[in-house]
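S.K.: Before we start, here is the structure in question, set down as structure tokens.
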Amino acid sequence: MARSRGGKGTVWPSERRSYTDLITGVTVTQLTNHCSHSHHIYFTNNGFYGDGKLLFGSDRENVTNLYSMDLHDGVITQLTDLERGRESRIQGTFLHPDGHEAYFYYDNSIMAIDLGTMEERILYTIPQDYKFGSLSCTADGQWLCFGLNEDLTDRIAMDTKNGYLGFEEYFGAKPHCMIMAVSPVDGKAKKLHEDQLWIGHVNTSPTQAHLLTFCHEGPWEQIDHRIWVLDIETGRYWKVKDKQPNEYVGHEYWLSDGIHIGYHGFTNSLEDHTGKIIGAVLFDNSHVQQYEFPFQNMHVHSNDLSLVIGDGQQTSAYHGQQFQDTLQVWRNDGSGFKGPRILCKHRGSFHSQILHVHPRLSPDGKHVLFTSDMSGYGNLYMVDMPEFESLPEMPVT
């Protein structure tokens, strides 16, 4: 039976609706509203491009595809028409710096899509016995850098997208892993780095074409060191954010200046998550800014260290109410972080990777984008960032 709708180029009418958050009174705009999961791309990857457009993924019609939304009117355009049953990584989509095309993993290949014509092409096919890691584009648009991890699924049951099955076992196996680069122009590929341990989170600097970060993946209390920088021109790599005793940091991301790397974590014990910290480190490890950062967050994001958004998961009393599952904001006035202040309720379940809330500030810092399955399905939501002082404080308990 022929499909009644859908396919590359299909235009979907606006699904937007707005409501007032009952805690703070801010206006929250729900951008998608469909009986399937929709999600923005990974929090380290910018999805805003062109004149007010946003990339996102959606499972409508029972297959995950890449979509574009016009934020002026909410109209949605389907960009890809992928086949059901083939593996894709739409959440890991990465934009070319000039916004004319995007890159994603599909059916054992790295794909490029022209965002104007919607034409697709294969840039690189993953070699047998390896699994795809993560993908990002250098600031000059000359290289796509990505991870390749040894495929050990013949002896380790793995599902890291849905509950981290096999996470510790794969780390303990010390798999052969590589960081590769492929040209989006001619498909020329080269190896940048390799090691006999799990490498993840390959993130290129948004301003420095020769720099990327990667991590030694695994349980934070067991890895040798989490955050590393690689100079792709020389092959030299080094640690950043020197590890202190009983200190655990991660979820690193580049600040918008492309020379500082943001992170968060905690000191003391993994069990009670006390001594929470947030900071940024210069790419050459010459300078660290680190602050105490109360409340538990799975992920934080910021364009710089003046304003930070987190997916707060800590329960606290405020006028007799409970404020678990709220987006929380901190402001740094130069002497340390003030806050948190509550932006809105998110009610996300974090049940799988695409349902992680992953709050992200827009490049201009005026909007906060997040995903939540508060309605039963994952959908995209956006909040205009109000003045920090206008938001209610959240007392530390």
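Identifiers for the structure tokens are assigned positionally: chains receive A, B, ... in sequence, residues are indexed from 1 per chain, and ligands are indexed from 1 in the order shown.
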Residues of segment 157-201 of chain A within 12 Å of segment 120-137 of chain A: nearest atom pair and distance (Å, one decimal) for each, counting only C-alpha atoms, sorted by chain and number, as JSON lines?
M.R.:
{"residue": "A:Met158", "atom": "CA", "partner": "A:Lys131", "partner_atom": "CA", "distance": 11.6}
{"residue": "A:Thr160", "atom": "CA", "partner": "A:Gly133", "partner_atom": "CA", "distance": 11.5}
{"residue": "A:Pro175", "atom": "CA", "partner": "A:Tyr130", "partner_atom": "CA", "distance": 9.9}
{"residue": "A:His176", "atom": "CA", "partner": "A:Tyr130", "partner_atom": "CA", "distance": 9.0}
{"residue": "A:Cys177", "atom": "CA", "partner": "A:Tyr130", "partner_atom": "CA", "distance": 8.4}
{"residue": "A:Met178", "atom": "CA", "partner": "A:Gly133", "partner_atom": "CA", "distance": 9.3}
{"residue": "A:Ile179", "atom": "CA", "partner": "A:Gly133", "partner_atom": "CA", "distance": 8.9}
{"residue": "A:Met180", "atom": "CA", "partner": "A:Leu135", "partner_atom": "CA", "distance": 9.6}
{"residue": "A:Ala181", "atom": "CA", "partner": "A:Cys137", "partner_atom": "CA", "distance": 9.1}
{"residue": "A:Val182", "atom": "CA", "partner": "A:Tyr124", "partner_atom": "CA", "distance": 7.2}
{"residue": "A:Ser183", "atom": "CA", "partner": "A:Leu123", "partner_atom": "CA", "distance": 7.8}
{"residue": "A:Pro184", "atom": "CA", "partner": "A:Leu123", "partner_atom": "CA", "distance": 6.5}
{"residue": "A:Val185", "atom": "CA", "partner": "A:Leu123", "partner_atom": "CA", "distance": 8.5}
{"residue": "A:Asp186", "atom": "CA", "partner": "A:Leu123", "partner_atom": "CA", "distance": 7.7}
{"residue": "A:Gly187", "atom": "CA", "partner": "A:Leu123", "partner_atom": "CA", "distance": 5.1}
{"residue": "A:Lys188", "atom": "CA", "partner": "A:Leu123", "partner_atom": "CA", "distance": 8.5}
{"residue": "A:Ala189", "atom": "CA", "partner": "A:Tyr124", "partner_atom": "CA", "distance": 7.9}
{"residue": "A:Lys190", "atom": "CA", "partner": "A:Tyr124", "partner_atom": "CA", "distance": 11.0}
{"residue": "A:Trp198", "atom": "CA", "partner": "A:Gly133", "partner_atom": "CA", "distance": 10.0}
{"residue": "A:Ile199", "atom": "CA", "partner": "A:Gly133", "partner_atom": "CA", "distance": 8.2}
{"residue": "A:Gly200", "atom": "CA", "partner": "A:Gly133", "partner_atom": "CA", "distance": 6.4}
{"residue": "A:His201", "atom": "CA", "partner": "A:Ser134", "partner_atom": "CA", "distance": 6.0}
S.K.: Mind dumping the selected residues with N, CA, C and O atoms as a PDB file, in the first residue's frame?
M.R.:
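Listed below is the output, out-v1.pdb:
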ATOM      1  N   MET A 158      25.842  -5.179  23.854  1.00  0.00           N
ATOM      2  CA  MET A 158      25.930  -3.731  24.034  1.00  0.00           C
ATOM      3  C   MET A 158      24.680  -3.039  23.511  1.00  0.00           C
ATOM      4  O   MET A 158      24.157  -3.377  22.453  1.00  0.00           O
ATOM      5  N   THR A 160      24.320   0.989  24.248  1.00  0.00           N
ATOM      6  CA  THR A 160      24.632   2.192  25.017  1.00  0.00           C
ATOM      7  C   THR A 160      23.627   3.308  24.791  1.00  0.00           C
ATOM      8  O   THR A 160      23.631   4.296  25.508  1.00  0.00           O
ATOM      9  N   PRO A 175      39.274  -1.903  23.759  1.00  0.00           N
ATOM     10  CA  PRO A 175      39.147  -2.077  22.307  1.00  0.00           C
ATOM     11  C   PRO A 175      40.093  -1.173  21.528  1.00  0.00           C
ATOM     12  O   PRO A 175      40.498  -0.109  22.008  1.00  0.00           O
ATOM     13  N   HIS A 176      40.456  -1.603  20.327  1.00  0.00           N
ATOM     14  CA  HIS A 176      41.238  -0.747  19.437  1.00  0.00           C
ATOM     15  C   HIS A 176      40.312   0.329  18.886  1.00  0.00           C
ATOM     16  O   HIS A 176      39.252   0.041  18.326  1.00  0.00           O
ATOM     17  N   CYS A 177      40.695   1.589  19.058  1.00  0.00           N
ATOM     18  CA  CYS A 177      39.859   2.708  18.614  1.00  0.00           C
ATOM     19  C   CYS A 177      40.717   3.726  17.867  1.00  0.00           C
ATOM     20  O   CYS A 177      41.916   3.875  18.131  1.00  0.00           O
ATOM     21  N   MET A 178      40.080   4.415  16.921  1.00  0.00           N
ATOM     22  CA  MET A 178      40.786   5.391  16.085  1.00  0.00           C
ATOM     23  C   MET A 178      39.968   6.666  15.959  1.00  0.00           C
ATOM     24  O   MET A 178      38.741   6.651  16.040  1.00  0.00           O
ATOM     25  N   ILE A 179      40.689   7.760  15.742  1.00  0.00           N
ATOM     26  CA  ILE A 179      40.064   9.009  15.306  1.00  0.00           C
ATOM     27  C   ILE A 179      40.469   9.210  13.856  1.00  0.00           C
ATOM     28  O   ILE A 179      41.661   9.212  13.527  1.00  0.00           O
ATOM     29  N   MET A 180      39.471   9.359  12.999  1.00  0.00           N
ATOM     30  CA  MET A 180      39.688   9.487  11.566  1.00  0.00           C
ATOM     31  C   MET A 180      39.217  10.853  11.082  1.00  0.00           C
ATOM     32  O   MET A 180      38.484  11.558  11.771  1.00  0.00           O
ATOM     33  N   ALA A 181      39.625  11.202   9.866  1.00  0.00           N
ATOM     34  CA  ALA A 181      39.135  12.409   9.214  1.00  0.00           C
ATOM     35  C   ALA A 181      38.854  12.079   7.756  1.00  0.00           C
ATOM     36  O   ALA A 181      39.589  11.321   7.123  1.00  0.00           O
ATOM     37  N   VAL A 182      37.764  12.630   7.228  1.00  0.00           N
ATOM     38  CA  VAL A 182      37.423  12.458   5.823  1.00  0.00           C
ATOM     39  C   VAL A 182      37.064  13.822   5.238  1.00  0.00           C
ATOM     40  O   VAL A 182      36.418  14.643   5.902  1.00  0.00           O
ATOM     41  N   SER A 183      37.497  14.067   4.029  1.00  0.00           N
ATOM     42  CA  SER A 183      37.193  15.323   3.362  1.00  0.00           C
ATOM     43  C   SER A 183      35.760  15.303   2.846  1.00  0.00           C
ATOM     44  O   SER A 183      35.363  14.373   2.143  1.00  0.00           O
ATOM     45  N   PRO A 184      34.942  16.337   3.151  1.00  0.00           N
ATOM     46  CA  PRO A 184      33.587  16.389   2.602  1.00  0.00           C
ATOM     47  C   PRO A 184      33.568  16.755   1.119  1.00  0.00           C
ATOM     48  O   PRO A 184      32.520  16.692   0.480  1.00  0.00           O
ATOM     49  N   VAL A 185      34.730  17.103   0.575  1.00  0.00           N
ATOM     50  CA  VAL A 185      34.816  17.490  -0.837  1.00  0.00           C
ATOM     51  C   VAL A 185      35.066  16.282  -1.724  1.00  0.00           C
ATOM     52  O   VAL A 185      34.333  16.026  -2.691  1.00  0.00           O
ATOM     53  N   ASP A 186      36.111  15.496  -1.389  1.00  0.00           N
ATOM     54  CA  ASP A 186      36.490  14.391  -2.267  1.00  0.00           C
ATOM     55  C   ASP A 186      36.506  13.027  -1.583  1.00  0.00           C
ATOM     56  O   ASP A 186      36.839  12.020  -2.213  1.00  0.00           O
ATOM     57  N   GLY A 187      36.151  12.952  -0.296  1.00  0.00           N
ATOM     58  CA  GLY A 187      36.099  11.663   0.397  1.00  0.00           C
ATOM     59  C   GLY A 187      37.445  11.108   0.803  1.00  0.00           C
ATOM     60  O   GLY A 187      37.527   9.970   1.291  1.00  0.00           O
ATOM     61  N   LYS A 188      38.509  11.883   0.640  1.00  0.00           N
ATOM     62  CA  LYS A 188      39.833  11.428   1.076  1.00  0.00           C
ATOM     63  C   LYS A 188      39.828  11.245   2.584  1.00  0.00           C
ATOM     64  O   LYS A 188      39.349  12.101   3.332  1.00  0.00           O
ATOM     65  N   ALA A 189      40.349  10.117   3.068  1.00  0.00           N
ATOM     66  CA  ALA A 189      40.330   9.809   4.493  1.00  0.00           C
ATOM     67  C   ALA A 189      41.746   9.632   5.028  1.00  0.00           C
ATOM     68  O   ALA A 189      42.662   9.231   4.296  1.00  0.00           O
ATOM     69  N   LYS A 190      41.918   9.948   6.307  1.00  0.00           N
ATOM     70  CA  LYS A 190      43.214   9.751   6.953  1.00  0.00           C
ATOM     71  C   LYS A 190      43.005   9.461   8.431  1.00  0.00           C
ATOM     72  O   LYS A 190      41.999   9.850   9.028  1.00  0.00           O
ATOM     73  N   TRP A 198      39.024   2.696  24.836  1.00  0.00           N
ATOM     74  CA  TRP A 198      37.792   3.258  24.295  1.00  0.00           C
ATOM     75  C   TRP A 198      37.911   4.774  24.135  1.00  0.00           C
ATOM     76  O   TRP A 198      38.126   5.498  25.102  1.00  0.00           O
ATOM     77  N   ILE A 199      37.771   5.259  22.909  1.00  0.00           N
ATOM     78  CA  ILE A 199      37.809   6.688  22.607  1.00  0.00           C
ATOM     79  C   ILE A 199      36.405   7.150  22.213  1.00  0.00           C
ATOM     80  O   ILE A 199      35.721   6.496  21.420  1.00  0.00           O
ATOM     81  N   GLY A 200      35.976   8.267  22.762  1.00  0.00           N
ATOM     82  CA  GLY A 200      34.649   8.789  22.443  1.00  0.00           C
ATOM     83  C   GLY A 200      34.628  10.293  22.354  1.00  0.00           C
ATOM     84  O   GLY A 200      35.653  10.970  22.531  1.00  0.00           O
ATOM     85  N   HIS A 201      33.442  10.837  22.078  1.00  0.00           N
ATOM     86  CA  HIS A 201      33.169  12.286  22.092  1.00  0.00           C
ATOM     87  C   HIS A 201      34.201  13.073  21.286  1.00  0.00           C
ATOM     88  O   HIS A 201      34.888  13.948  21.818  1.00  0.00           O
TER      89      HIS A 201
END
S.K.: For the structure I just gave you, how does DSSP split segment 111-175 of chain A - specifically, which residues are helix (DSSP H, G or I)? Reply as a PyMOL selection string.
M.R.: chain A and resi 167-172
S.K.: Using the selection just defined, write its residues with N, CA, C and O atoms as a CSV table (one decimal), in the first residue's frame.
M.R.:
chain,number,residue,atom,x,y,z
A,167,PHE,N,28.4,-1.1,28.9
A,167,PHE,CA,29.3,0.0,29.1
A,167,PHE,C,30.6,-0.3,29.8
A,167,PHE,O,31.7,-0.1,29.2
A,168,GLU,N,30.5,-0.9,30.9
A,168,GLU,CA,31.7,-1.2,31.7
A,168,GLU,C,32.5,-2.4,31.1
A,168,GLU,O,33.7,-2.4,31.1
A,169,GLU,N,31.8,-3.3,30.5
A,169,GLU,CA,32.4,-4.5,29.8
A,169,GLU,C,33.3,-4.0,28.6
A,169,GLU,O,34.4,-4.5,28.4
A,170,TYR,N,32.7,-3.1,27.8
A,170,TYR,CA,33.4,-2.7,26.7
A,170,TYR,C,34.7,-1.9,27.1
A,170,TYR,O,35.7,-2.0,26.5
A,171,PHE,N,34.5,-1.0,28.1
A,171,PHE,CA,35.7,-0.3,28.6
A,171,PHE,C,36.7,-1.3,29.1
A,171,PHE,O,37.9,-1.1,28.8
A,172,GLY,N,36.4,-2.3,29.8
A,172,GLY,CA,37.3,-3.2,30.3
A,172,GLY,C,38.0,-4.0,29.3
A,172,GLY,O,39.2,-4.5,29.5
S.K.: For atom CA of Ser256 of chain A and atom CA of Ser205 of chain A, quote the distance in Å rounded to one decimal.
M.R.: 8.6 Å
S.K.: Tyr103 of chain A: which residues within 8 Å, counting only C-alpha atoms, same-chain residues fewer than 4 positions away excluded, as a ChimeraX atom specification?
M.R.: /A:93-96,110-113
S.K.: Just how far from atom CA of Leu327 of chain A is atom CA of Leu54 of chain A, in Å to one decimal?
M.R.: 20.8 Å
S.K.: Near Trp254 of chain A, within 12 Å and counting only C-alpha atoms, which residues show up once chain neighbours fewer than 2 positions away are dropped, as a PyMOL selection string?
M.R.: chain A and resi 43-46+136+201-208+211-214+227+229+251-252+256-263+279-283+300-305
S.K.: Taking 6 positions as the minimum chain separation for residues in the same chain, which residues sit within 8 Å of Phe337 of chain A when counting only C-alpha atoms? Answer as a PyMOL selection string.
M.R.: chain A and resi 291-293+330-331
S.K.: Record the distance separating atom CA of Ile342 of chain A and atom CA of Thr32 of chain A, expressed in Å with one decimal.
M.R.: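 That distance, rounded to one decimal, is 23.2 Å.
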